[in-house]
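Text of the file my_file_7.txt, holding compact mmCIF, C-alpha atoms:
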```
# COMPACT_ATOMS: atom_id res chain seq x y z
CA MET A 1 0.00 0.00 0.00
CA PRO A 2 1.35 3.50 -0.73
CA LYS A 3 2.69 5.52 2.14
CA ALA A 4 0.69 8.38 3.63
CA THR A 5 1.65 11.89 2.69
CA ASN A 6 4.14 13.41 5.11
CA THR A 7 2.48 16.44 6.70
CA ASP A 8 5.87 17.71 7.96
CA ASP A 9 7.11 18.08 4.38
CA PRO A 10 6.17 21.54 3.03
CA ASP A 11 6.24 20.19 -0.56
CA ALA A 12 3.85 17.31 0.22
CA PRO A 13 0.36 17.60 -1.22
CA ASP A 14 -2.27 18.75 1.27
CA GLY A 15 -5.17 16.38 1.66
CA VAL A 16 -6.31 12.98 2.81
CA GLN A 17 -5.06 9.80 1.16
CA ILE A 18 -7.73 7.30 0.14
CA ASP A 19 -6.70 3.68 -0.39
CA LEU A 20 -9.16 1.78 -2.63
CA ILE A 21 -8.51 -1.94 -2.11
CA SER A 22 -9.89 -4.44 -4.59
CA GLY A 23 -11.53 -7.70 -3.62
CA GLU A 24 -8.88 -9.45 -5.68
CA ARG A 25 -6.12 -8.07 -3.45
CA MET A 26 -7.96 -9.26 -0.32
CA ASP A 27 -8.61 -12.77 -1.71
CA GLY A 28 -6.30 -15.32 -0.19
CA MET A 29 -5.24 -13.09 2.71
CA ALA A 30 -5.67 -14.38 6.23
CA THR A 31 -7.97 -12.40 8.55
CA MET A 32 -5.09 -10.87 10.52
CA GLU A 33 -3.29 -9.87 7.31
CA LYS A 34 -6.39 -7.98 6.19
CA ILE A 35 -6.80 -6.34 9.60
CA ARG A 36 -3.15 -5.32 9.77
CA MET A 37 -3.26 -3.85 6.25
CA ILE A 38 -6.40 -1.86 7.13
CA LEU A 39 -5.15 -0.63 10.50
CA ASP A 40 -1.70 0.29 9.16
CA GLY A 41 -3.41 2.52 6.60
CA VAL A 42 -5.75 4.07 9.17
CA HIS A 43 -2.86 4.62 11.64
CA ASP A 44 -1.20 6.63 8.84
CA GLY A 45 -4.34 8.81 8.64
CA ASN A 46 -5.68 7.24 5.43
CA ILE A 47 -9.25 6.41 4.52
CA VAL A 48 -9.46 2.76 3.43
CA ILE A 49 -12.23 1.62 1.09
CA LEU A 50 -12.70 -2.11 0.58
CA GLU A 51 -14.42 -3.14 -2.64
CA GLU A 52 -15.88 -6.31 -1.14
CA GLY A 53 -15.88 -5.57 2.56
CA LEU A 54 -15.20 -7.98 5.39
CA THR A 55 -17.11 -10.97 6.69
CA PRO A 56 -18.98 -10.40 9.97
CA ASP A 57 -16.27 -12.39 11.82
CA GLU A 58 -13.48 -10.32 10.23
CA GLU A 59 -15.28 -7.09 11.08
CA SER A 60 -15.68 -8.21 14.70
CA ARG A 61 -11.98 -9.09 14.87
CA LEU A 62 -11.08 -5.69 13.34
CA ILE A 63 -13.05 -3.96 16.10
CA GLU A 64 -11.38 -6.10 18.80
CA VAL A 65 -7.88 -5.34 17.51
CA THR A 66 -8.73 -1.65 17.14
CA MET A 67 -9.95 -1.44 20.74
CA ALA A 68 -6.67 -2.97 21.93
CA GLU A 69 -4.65 -0.38 19.96
CA ILE A 70 -6.50 2.77 21.07
CA SER A 71 -4.22 5.28 22.76
CA PRO A 72 -5.49 8.73 23.84
CA ASP A 73 -2.55 10.65 22.36
CA GLU A 74 -1.81 8.51 19.30
CA PHE A 75 -4.78 6.51 17.95
CA ASN A 76 -8.45 7.37 18.54
CA GLY A 77 -9.89 4.28 16.85
CA ILE A 78 -11.78 3.82 13.60
CA GLU A 79 -15.03 4.80 11.99
CA ILE A 80 -16.46 2.02 9.81
CA GLU A 81 -19.48 2.04 7.50
CA THR A 82 -20.63 -0.75 5.19
CA TYR A 83 -23.15 -1.02 2.38
CA PRO A 84 -25.21 -4.21 2.64
CA LYS A 85 -25.18 -6.52 -0.38
CA SER A 86 -28.13 -6.26 -2.71
CA GLU A 87 -30.69 -8.91 -1.80
CA THR A 88 -31.40 -9.53 -5.50
CA ARG A 89 -27.88 -10.79 -6.17
CA ASN A 90 -27.49 -14.55 -5.78
CA SER A 91 -30.82 -14.85 -3.99
CA SER A 92 -31.79 -18.07 -5.75
CA LEU A 93 -32.21 -21.15 -3.59
CA LEU A 94 -29.31 -22.87 -5.33
CA GLY A 95 -27.09 -19.80 -4.85
CA ARG A 96 -27.85 -19.68 -1.12
CA ILE A 97 -27.32 -23.43 -0.67
CA MET A 98 -24.01 -23.35 -2.52
CA GLY A 99 -22.86 -20.29 -0.56
CA GLY A 100 -21.97 -18.54 -3.79
CA ASP A 101 -21.59 -15.10 -2.26
CA GLU A 102 -20.09 -15.38 1.23
CA SER A 103 -19.08 -11.76 1.69
CA ALA A 104 -21.71 -9.90 3.69
CA ALA A 105 -20.86 -6.46 2.31
CA LYS A 106 -20.21 -4.90 -1.05
CA LEU A 107 -18.30 -1.79 0.03
CA THR A 108 -16.73 -0.79 3.34
CA VAL A 109 -15.28 2.61 4.28
CA ILE A 110 -12.84 2.73 7.22
CA GLY A 111 -10.98 5.76 8.54
CA PRO A 112 -9.53 7.38 11.65
CA ALA A 113 -12.32 8.17 14.13
CA ASN A 114 -11.01 11.70 14.62
CA GLN A 115 -10.98 12.45 10.85
CA ILE A 116 -14.13 10.88 9.43
CA GLU A 117 -17.70 11.51 10.49
CA THR A 118 -20.64 9.75 8.91
CA LEU A 119 -23.29 12.31 7.99
CA HIS A 120 -25.80 9.96 6.37
CA LYS A 121 -26.07 6.28 5.52
CA ASP A 122 -28.74 4.27 3.75
CA GLU A 123 -28.74 1.26 1.43
CA THR A 124 -27.48 3.29 -1.54
CA LEU A 125 -25.37 6.11 -0.06
CA ILE A 126 -22.71 6.72 2.55
CA SER A 127 -22.07 10.44 3.06
CA ALA A 128 -19.08 11.31 5.24
CA LEU A 129 -17.18 14.40 6.24
CA VAL A 130 -13.43 13.86 6.10
CA SER A 131 -11.10 16.30 7.80
CA ARG A 132 -7.34 16.61 8.04
CA ASP A 133 -6.17 16.13 11.68
```
Full structure transcribed into structure tokens:
Amino acid sequence: MPKATNTDDPDAPDGVQIDLISGERMDGMATMEKIRMILDGVHDGNIVILEEGLTPDEESRLIEVTMAEISPDEFNGIEIETYPKSETRNSSLLGRIMGGDESAAKLTVIGPANQIETLHKDETLISALVSRD
């Protein structure tokens, strides 16, 4: 994953880095590898967007690890929002029996709790305010 912009460097671009991570990149990664990749990006002040989201178990583990890493002066935690999958996709009986679409989410947005605030969320829109430290 690219490094975050260095805010101490006067020539560095001003803004917030957004890491868009494809489902293909996440395939084959162990749960802790995914969590570490996400949290490393968020620790750097980046917003991480996952194309295919996390399973409910992975999301629970992400929250557990995040809680263990919270430090009042260094890391305030994460803000996480997820679109649910469309119910029309793979809703056939055969599709459900075969477990064709195991991921519970189609898009997940994760960022530093002190930099991202969810303004509105519904099944088709996540609206967030992102600020620089």
*From the set A:Ile80, A:Leu119, A:Glu24, A:Thr124, which residue has the shortest atom-to-atom contact distance to A:Ile38, counting all atoms listed in the file?*
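With all atoms listed in the file as the atom set, the closest residue is A:Ile80.
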*Have a look at atom CA of A:Asp73 and atom CA of A:Val16 and let me know their distance in Å, one decimal.*
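Separation between atom CA of A:Asp73 and atom CA of A:Val16: 20.0 Å.
The space separating atom CA of A:Leu20 from atom CA of A:Leu129 comes to 17.4 Å.
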*Which one of A:Val109, A:Leu39, A:Met26, A:Ile21 sits closest to A:Ala68 if you count all atoms listed in the file?*
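Residue with the minimum atom-to-atom distance to A:Ala68: A:Leu39.
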*Out of A:Glu81, A:Thr31, A:Asp40, A:Ile70, which residue has the shortest atom-to-atom distance to A:Asp57 when counting all atoms listed in the file?*
A:Thr31
*Might you pull out every residue within 8 Å of A:Glu51, with all atoms listed in the file counted and same-chain residues fewer than 4 positions away left off, and present them as a list in words?*
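The filter keeps Leu20, Ile21, Ser22, Gly23, Lys106, Leu107 and Thr108 of chain A.
Shortest atom-to-atom contact with A:Ile63 among A:Val48, A:Ile110, A:Met29, A:Gln17: A:Ile110, counting all atoms listed in the file.
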_Nearby residues, (-8.5, 4.1, 15.1) file frame, 6 Å, all atoms listed in the file, as a PyMOL selection string_ = chain A and resi 75-78+112-113
Could those residues be written to a file, using C-alpha atoms, as a tab-separated table (two decimals), keeping the file's coordinate frame?
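For reference, part-v6.tsv as written:
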```
chain	number	residue	atom	x	y	z
A	75	PHE	CA	-4.78	6.51	17.95
A	76	ASN	CA	-8.45	7.37	18.54
A	77	GLY	CA	-9.89	4.28	16.85
A	78	ILE	CA	-11.78	3.82	13.60
A	112	PRO	CA	-9.53	7.38	11.65
A	113	ALA	CA	-12.32	8.17	14.13
```
*Closest of A:Pro72, A:Pro84, A:Gly45, A:Gly28 to A:Val130 - atom-to-atom distances counting only C-alpha atoms*: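 Looking at the shortest contact to A:Val130, the residue is A:Gly45.
Restricting the calculation to only C-alpha atoms, the smallest distance between A:Thr82 and any of A:Ile49, A:Ile18, A:Met67, A:Val42 is found for A:Ile49.
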*Point-to-point distance from atom CA of A:His43 to atom CA of A:Asp122, Å rounded to tenths*: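 Distance between the two atoms: 27.1 Å.
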Provide stretch 12-23 of chain A rebuilt to all heavy atoms, formatted as a PDB file, in the frame of the given file.
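Result went into result-v6.pdb, see below:
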```pdb
ATOM      1  N   ALA A  12       4.821  18.408   0.327  1.00  0.00           N
ATOM      2  CA  ALA A  12       3.850  17.310   0.220  1.00  0.00           C
ATOM      3  C   ALA A  12       2.475  17.863  -0.100  1.00  0.00           C
ATOM      4  O   ALA A  12       2.107  18.937   0.361  1.00  0.00           O
ATOM      5  CB  ALA A  12       3.806  16.525   1.533  1.00  0.00           C
ATOM      6  N   PRO A  13       1.713  17.132  -0.902  1.00  0.00           N
ATOM      7  CA  PRO A  13       0.360  17.600  -1.220  1.00  0.00           C
ATOM      8  C   PRO A  13      -0.506  17.633   0.044  1.00  0.00           C
ATOM      9  O   PRO A  13      -0.354  16.798   0.923  1.00  0.00           O
ATOM     10  CB  PRO A  13      -0.175  16.572  -2.209  1.00  0.00           C
ATOM     11  CG  PRO A  13       0.757  15.417  -2.178  1.00  0.00           C
ATOM     12  CD  PRO A  13       2.021  15.869  -1.534  1.00  0.00           C
ATOM     13  N   ASP A  14      -1.389  18.623   0.113  1.00  0.00           N
ATOM     14  CA  ASP A  14      -2.270  18.750   1.270  1.00  0.00           C
ATOM     15  C   ASP A  14      -3.551  17.985   0.975  1.00  0.00           C
ATOM     16  O   ASP A  14      -4.161  18.168  -0.060  1.00  0.00           O
ATOM     17  CB  ASP A  14      -2.591  20.238   1.511  1.00  0.00           C
ATOM     18  CG  ASP A  14      -3.325  20.446   2.808  1.00  0.00           C
ATOM     19  OD1 ASP A  14      -3.136  19.644   3.746  1.00  0.00           O
ATOM     20  OD2 ASP A  14      -4.096  21.414   2.889  1.00  0.00           O
ATOM     21  N   GLY A  15      -3.943  17.132   1.875  1.00  0.00           N
ATOM     22  CA  GLY A  15      -5.170  16.380   1.660  1.00  0.00           C
ATOM     23  C   GLY A  15      -5.157  15.080   2.430  1.00  0.00           C
ATOM     24  O   GLY A  15      -4.282  14.818   3.243  1.00  0.00           O
ATOM     25  N   VAL A  16      -6.144  14.270   2.150  1.00  0.00           N
ATOM     26  CA  VAL A  16      -6.310  12.980   2.810  1.00  0.00           C
ATOM     27  C   VAL A  16      -6.113  11.898   1.761  1.00  0.00           C
ATOM     28  O   VAL A  16      -6.709  11.947   0.688  1.00  0.00           O
ATOM     29  CB  VAL A  16      -7.723  12.862   3.433  1.00  0.00           C
ATOM     30  CG1 VAL A  16      -7.935  11.490   4.027  1.00  0.00           C
ATOM     31  CG2 VAL A  16      -7.931  13.944   4.484  1.00  0.00           C
ATOM     32  N   GLN A  17      -5.285  10.909   2.078  1.00  0.00           N
ATOM     33  CA  GLN A  17      -5.060   9.800   1.160  1.00  0.00           C
ATOM     34  C   GLN A  17      -6.184   8.792   1.292  1.00  0.00           C
ATOM     35  O   GLN A  17      -6.588   8.446   2.395  1.00  0.00           O
ATOM     36  CB  GLN A  17      -3.724   9.121   1.455  1.00  0.00           C
ATOM     37  CG  GLN A  17      -3.435   7.949   0.529  1.00  0.00           C
ATOM     38  CD  GLN A  17      -2.042   7.387   0.725  1.00  0.00           C
ATOM     39  OE1 GLN A  17      -1.099   8.153   0.921  1.00  0.00           O
ATOM     40  NE2 GLN A  17      -1.916   6.082   0.680  1.00  0.00           N
ATOM     41  N   ILE A  18      -6.692   8.317   0.160  1.00  0.00           N
ATOM     42  CA  ILE A  18      -7.730   7.300   0.140  1.00  0.00           C
ATOM     43  C   ILE A  18      -7.151   6.065  -0.543  1.00  0.00           C
ATOM     44  O   ILE A  18      -6.676   6.148  -1.678  1.00  0.00           O
ATOM     45  CB  ILE A  18      -8.987   7.788  -0.611  1.00  0.00           C
ATOM     46  CG1 ILE A  18      -9.574   9.008   0.097  1.00  0.00           C
ATOM     47  CG2 ILE A  18     -10.012   6.666  -0.715  1.00  0.00           C
ATOM     48  CD1 ILE A  18     -10.725   9.661  -0.629  1.00  0.00           C
ATOM     49  N   ASP A  19      -7.180   4.937   0.164  1.00  0.00           N
ATOM     50  CA  ASP A  19      -6.700   3.680  -0.390  1.00  0.00           C
ATOM     51  C   ASP A  19      -7.917   2.846  -0.799  1.00  0.00           C
ATOM     52  O   ASP A  19      -8.715   2.458   0.055  1.00  0.00           O
ATOM     53  CB  ASP A  19      -5.873   2.900   0.642  1.00  0.00           C
ATOM     54  CG  ASP A  19      -4.590   3.623   1.024  1.00  0.00           C
ATOM     55  OD1 ASP A  19      -4.025   4.322   0.169  1.00  0.00           O
ATOM     56  OD2 ASP A  19      -4.153   3.465   2.176  1.00  0.00           O
ATOM     57  N   LEU A  20      -8.065   2.599  -2.098  1.00  0.00           N
ATOM     58  CA  LEU A  20      -9.160   1.780  -2.630  1.00  0.00           C
ATOM     59  C   LEU A  20      -8.597   0.381  -2.848  1.00  0.00           C
ATOM     60  O   LEU A  20      -7.722   0.185  -3.689  1.00  0.00           O
ATOM     61  CB  LEU A  20      -9.663   2.365  -3.954  1.00  0.00           C
ATOM     62  CG  LEU A  20     -10.086   3.836  -3.885  1.00  0.00           C
ATOM     63  CD1 LEU A  20     -10.211   4.432  -5.268  1.00  0.00           C
ATOM     64  CD2 LEU A  20     -11.385   3.965  -3.135  1.00  0.00           C
ATOM     65  N   ILE A  21      -9.085  -0.598  -2.081  1.00  0.00           N
ATOM     66  CA  ILE A  21      -8.510  -1.940  -2.110  1.00  0.00           C
ATOM     67  C   ILE A  21      -9.494  -2.905  -2.767  1.00  0.00           C
ATOM     68  O   ILE A  21     -10.627  -3.069  -2.306  1.00  0.00           O
ATOM     69  CB  ILE A  21      -8.150  -2.406  -0.685  1.00  0.00           C
ATOM     70  CG1 ILE A  21      -7.163  -1.401  -0.063  1.00  0.00           C
ATOM     71  CG2 ILE A  21      -7.562  -3.813  -0.711  1.00  0.00           C
ATOM     72  CD1 ILE A  21      -6.837  -1.667   1.392  1.00  0.00           C
ATOM     73  N   SER A  22      -9.037  -3.534  -3.833  1.00  0.00           N
ATOM     74  CA  SER A  22      -9.890  -4.440  -4.590  1.00  0.00           C
ATOM     75  C   SER A  22     -10.130  -5.743  -3.837  1.00  0.00           C
ATOM     76  O   SER A  22      -9.327  -6.151  -2.994  1.00  0.00           O
ATOM     77  CB  SER A  22      -9.256  -4.757  -5.948  1.00  0.00           C
ATOM     78  OG  SER A  22      -8.114  -5.579  -5.763  1.00  0.00           O
ATOM     79  N   GLY A  23     -11.240  -6.389  -4.176  1.00  0.00           N
ATOM     80  CA  GLY A  23     -11.530  -7.700  -3.620  1.00  0.00           C
ATOM     81  C   GLY A  23     -10.463  -8.705  -4.005  1.00  0.00           C
ATOM     82  O   GLY A  23     -10.108  -9.596  -3.230  1.00  0.00           O
TER      83      GLY A  23
END
```
